[in-house]
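K.L.:
So that you have it, the file is upload-v9.pdb, and it contains PDB, C-alpha atoms:
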ATOM      1  CA  ALA H1009      57.605  31.889 -53.072
ATOM      2  CA  PRO H1010      59.046  34.554 -55.392
ATOM      3  CA  ARG H1011      56.826  35.714 -58.229
ATOM      4  CA  ARG H1012      57.790  37.244 -61.531
ATOM      5  CA  GLY H1013      57.942  41.016 -61.138
ATOM      6  CA  GLY H1014      57.949  40.882 -57.324
ATOM      7  CA  THR H1015      60.349  40.363 -54.470
ATOM      8  CA  PRO H1016      60.375  37.336 -52.129
ATOM      9  CA  TRP H1017      59.137  39.496 -49.249
ATOM     10  CA  ASP H1018      56.120  41.038 -51.043
ATOM     11  CA  GLY H1019      52.928  40.165 -49.196
ATOM     12  CA  VAL H1020      54.598  38.374 -46.281
ATOM     13  CA  GLN H1021      54.807  39.328 -42.644
ATOM     14  CA  ARG H1022      58.110  40.085 -41.011
ATOM     15  CA  ARG H1023      59.473  39.243 -37.586
ATOM     16  CA  ALA H1024      61.063  41.480 -34.991
ATOM     17  CA  ILE H1025      63.778  40.195 -32.679
ATOM     18  CA  ALA H1026      64.971  41.567 -29.324
ATOM     19  CA  ALA H1027      67.609  40.277 -26.924
ATOM     20  CA  SER H1028      68.755  41.398 -23.506
ATOM     21  CA  PRO H1029      72.470  41.960 -22.985
ATOM     22  CA  GLY H1030      72.034  41.027 -19.328
ATOM     23  CA  ALA H1031      70.317  37.672 -19.721
ATOM     24  CA  GLY H1032      70.009  34.840 -22.177
ATOM     25  CA  LEU H1033      66.486  35.843 -23.181
ATOM     26  CA  VAL H1034      65.444  36.421 -26.789
ATOM     27  CA  ALA H1035      62.015  37.569 -27.994
ATOM     28  CA  VAL H1036      60.743  36.989 -31.540
ATOM     29  CA  SER H1037      57.460  38.382 -32.838
ATOM     30  CA  ARG H1038      55.257  36.425 -35.182
ATOM     31  CA  GLY H1039      54.049  39.183 -37.489
ATOM     32  CA  GLY H1040      50.416  38.971 -38.498
ATOM     33  CA  HIS H1041      49.560  36.579 -35.677
ATOM     34  CA  GLY H1042      49.868  38.814 -32.605
ATOM     35  CA  GLU H1043      52.305  36.536 -30.820
ATOM     36  CA  VAL H1044      55.710  37.075 -29.226
ATOM     37  CA  HIS H1045      57.753  33.977 -28.447
ATOM     38  CA  VAL H1046      60.300  34.274 -25.619
ATOM     39  CA  PHE H1047      63.237  31.851 -25.559
ATOM     40  CA  ASP H1048      66.039  31.140 -23.119
ATOM     41  CA  ALA H1049      69.054  31.098 -25.451
ATOM     42  CA  ASP H1050      71.345  29.747 -22.725
ATOM     43  CA  ARG H1051      69.213  26.623 -22.370
ATOM     44  CA  ALA H1052      67.921  26.536 -25.967
ATOM     45  CA  GLU H1053      64.310  26.222 -24.843
ATOM     46  CA  PRO H1054      61.089  28.247 -25.035
ATOM     47  CA  VAL H1055      60.017  30.237 -21.975
ATOM     48  CA  THR H1056      56.570  31.503 -22.929
ATOM     49  CA  THR H1057      54.370  32.795 -25.746
ATOM     50  CA  LEU H1058      52.672  36.155 -25.278
ATOM     51  CA  THR H1059      49.384  36.675 -27.141
ATOM     52  CA  LEU H1060      48.668  40.314 -27.926
ATOM     53  CA  PRO H1061      45.412  42.067 -28.924
ATOM     54  CA  THR H1062      46.928  43.346 -32.203
ATOM     55  CA  PRO H1063      48.267  41.405 -35.204
ATOM     56  CA  LEU H1064      51.757  43.018 -35.017
ATOM     57  CA  ASP H1065      51.760  43.720 -38.736
ATOM     58  CA  ASP H1066      55.280  43.729 -40.185
ATOM     59  CA  GLY H1067      56.567  42.245 -36.938
ATOM     60  CA  GLY H1068      56.012  45.256 -34.707
ATOM     61  CA  HIS H1069      58.784  46.740 -32.582
ATOM     62  CA  LEU H1070      60.333  44.921 -29.648
ATOM     63  CA  THR H1071      62.694  45.672 -26.810
ATOM     64  CA  LEU H1072      63.767  43.285 -24.098
ATOM     65  CA  VAL H1073      65.173  44.739 -20.891
ATOM     66  CA  THR H1074      66.200  42.781 -17.815
ATOM     67  CA  PRO H1075      67.022  44.356 -14.431
ATOM     68  CA  GLY H1076      70.495  45.862 -14.372
ATOM     69  CA  ASP H1077      71.406  45.150 -18.008
ATOM     70  CA  GLY H1078      71.797  48.831 -18.978
ATOM     71  CA  ALA H1079      69.669  48.399 -22.124
ATOM     72  CA  HIS H1080      67.366  51.240 -21.087
ATOM     73  CA  ALA H1081      70.259  53.658 -21.819
ATOM     74  CA  ASP H1082      70.663  52.553 -25.451
ATOM     75  CA  PRO H1083      68.656  55.053 -27.546
ATOM     76  CA  VAL H1084      69.252  53.051 -30.740
ATOM     77  CA  GLY H1085      67.876  49.766 -29.427
ATOM     78  CA  ARG H1086      70.718  47.408 -30.310
TER      79      ARG H1086
END
Please express the file's structure as structure tokens.
P.N.:
Amino acid sequence: APRRGGTPWDGVQRRAIAASPGAGLVAVSRGGHGEVHVFDADRAEPVTTLTLPTPLDDGGHLTLVTPGDGAHADPVGR
């Protein structure tokens, strides 16, 4: 919750989100917990949860590339 003299995001972990333009997959990190949740957006259901050996402070950085989607050529990571 917001505190006087602070912002609502002070002291909280952030999430990172990545999506593939070639598939209905979306990945969302759970900052501070070392987890990345992968969802199938076309079916609106979870696919898997990846547990990583680091906490992914501030959400980390994600990219999601599927074969043939052309995302590897995007230097900005949209």
K.L.:
Identify, on the basis of all atoms listed in the file, every residue whose closest approach to segment 1047-1052 of chain H does not exceed 7 Å; exclude the query and any residue fewer than 2 positions from it along the same chain; express the result as number ranges by chain.
P.N.:
H: 1032-1035, 1045, 1054-1055
K.L.:
Using all atoms listed in the file, can you tell me which of H:Asp1082, H:Asp1066, H:Glu1053, H:Glu1043 comes closest to Gln1021 of chain H?
P.N.:
H:Asp1066
K.L.:
Where does the PyMOL selection byres ((chain H and resi 1070) around 8) land in this file, that is, which residues does it pick, as a list in words?
P.N.:
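When the PyMOL selection byres ((chain H and resi 1070) around 8) is applied, the selected residues are Ala1024, Ile1025, Ala1026, Ala1035, Ser1037, Gly1068, His1069, Thr1071 and Leu1072 of chain H.
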K.L.:
For the selection you just gave me, I'd like the residues written to a file as a PDB file, in the frame of the given file, keeping C-alpha atoms.
P.N.:
ATOM      1  CA  ALA H1024      61.063  41.480 -34.991  1.00  0.00           C
ATOM      2  CA  ILE H1025      63.778  40.195 -32.679  1.00  0.00           C
ATOM      3  CA  ALA H1026      64.971  41.567 -29.324  1.00  0.00           C
ATOM      4  CA  ALA H1035      62.015  37.569 -27.994  1.00  0.00           C
ATOM      5  CA  SER H1037      57.460  38.382 -32.838  1.00  0.00           C
ATOM      6  CA  GLY H1068      56.012  45.256 -34.707  1.00  0.00           C
ATOM      7  CA  HIS H1069      58.784  46.740 -32.582  1.00  0.00           C
ATOM      8  CA  THR H1071      62.694  45.672 -26.810  1.00  0.00           C
ATOM      9  CA  LEU H1072      63.767  43.285 -24.098  1.00  0.00           C
TER      10      LEU H1072
END
K.L.:
Written as a list of chain:residue names, which residues does the PyMOL selection byres ((chain H and resi 1062) around 12) give for the file shown?
P.N.:
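Expected selection for the PyMOL selection byres ((chain H and resi 1062) around 12) here is H:Ser1037, H:Arg1038, H:Gly1039, H:Gly1040, H:His1041, H:Gly1042, H:Glu1043, H:Val1044, H:Leu1058, H:Thr1059, H:Leu1060, H:Pro1061, H:Pro1063, H:Leu1064, H:Asp1065, H:Asp1066, H:Gly1067, H:Gly1068.
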K.L.:
Atom CA of Ala1079 of chain H to atom CA of Ala1027 of chain H: how many Å, to one decimal?
P.N.:
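Answer for the atom CA of Ala1079 of chain H to atom CA of Ala1027 of chain H separation: 9.7 Å.
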K.L.:
Using all atoms listed in the file, can you tell me which of H:Thr1074, H:Ala1081, H:Arg1012, H:Val1046 comes closest to Gly1030 of chain H?
P.N.:
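Closest residue, counting all atoms listed in the file: H:Thr1074.
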K.L.:
Fix up segment 1027-1038 of chain H with N, CA, C and O atoms, then write it as a JSON list (two decimals), in the frame of the given file.
P.N.:
[["chain", "number", "residue", "atom", "x", "y", "z"],
["H", 1027, "ALA", "N", 66.84, 41.07, -27.88],
["H", 1027, "ALA", "CA", 67.61, 40.28, -26.92],
["H", 1027, "ALA", "C", 68.11, 41.19, -25.82],
["H", 1027, "ALA", "O", 68.37, 42.36, -26.05],
["H", 1028, "SER", "N", 68.24, 40.64, -24.65],
["H", 1028, "SER", "CA", 68.76, 41.40, -23.51],
["H", 1028, "SER", "C", 70.24, 41.13, -23.35],
["H", 1028, "SER", "O", 70.66, 39.97, -23.34],
["H", 1029, "PRO", "N", 71.05, 42.19, -23.21],
["H", 1029, "PRO", "CA", 72.47, 41.96, -22.98],
["H", 1029, "PRO", "C", 72.78, 41.42, -21.59],
["H", 1029, "PRO", "O", 73.87, 40.95, -21.34],
["H", 1030, "GLY", "N", 71.80, 41.46, -20.70],
["H", 1030, "GLY", "CA", 72.03, 41.03, -19.33],
["H", 1030, "GLY", "C", 71.49, 39.66, -19.00],
["H", 1030, "GLY", "O", 71.61, 39.19, -17.88],
["H", 1031, "ALA", "N", 70.89, 39.00, -19.96],
["H", 1031, "ALA", "CA", 70.32, 37.67, -19.72],
["H", 1031, "ALA", "C", 70.28, 36.92, -21.05],
["H", 1031, "ALA", "O", 70.43, 37.51, -22.11],
["H", 1032, "GLY", "N", 70.06, 35.65, -20.97],
["H", 1032, "GLY", "CA", 70.01, 34.84, -22.18],
["H", 1032, "GLY", "C", 68.64, 34.79, -22.82],
["H", 1032, "GLY", "O", 68.30, 33.83, -23.49],
["H", 1033, "LEU", "N", 67.83, 35.83, -22.62],
["H", 1033, "LEU", "CA", 66.49, 35.84, -23.18],
["H", 1033, "LEU", "C", 66.46, 36.48, -24.57],
["H", 1033, "LEU", "O", 67.16, 37.46, -24.82],
["H", 1034, "VAL", "N", 65.65, 35.90, -25.44],
["H", 1034, "VAL", "CA", 65.44, 36.42, -26.79],
["H", 1034, "VAL", "C", 63.95, 36.40, -27.05],
["H", 1034, "VAL", "O", 63.27, 35.41, -26.74],
["H", 1035, "ALA", "N", 63.43, 37.50, -27.63],
["H", 1035, "ALA", "CA", 62.02, 37.57, -27.99],
["H", 1035, "ALA", "C", 61.91, 37.70, -29.51],
["H", 1035, "ALA", "O", 62.67, 38.44, -30.13],
["H", 1036, "VAL", "N", 60.97, 36.96, -30.10],
["H", 1036, "VAL", "CA", 60.74, 36.99, -31.54],
["H", 1036, "VAL", "C", 59.25, 37.16, -31.77],
["H", 1036, "VAL", "O", 58.45, 36.37, -31.26],
["H", 1037, "SER", "N", 58.87, 38.19, -32.54],
["H", 1037, "SER", "CA", 57.46, 38.38, -32.84],
["H", 1037, "SER", "C", 57.06, 37.51, -34.02],
["H", 1037, "SER", "O", 57.89, 37.17, -34.87],
["H", 1038, "ARG", "N", 55.82, 37.17, -34.07],
["H", 1038, "ARG", "CA", 55.26, 36.42, -35.18],
["H", 1038, "ARG", "C", 54.29, 37.36, -35.88],
["H", 1038, "ARG", "O", 53.11, 37.42, -35.56]]
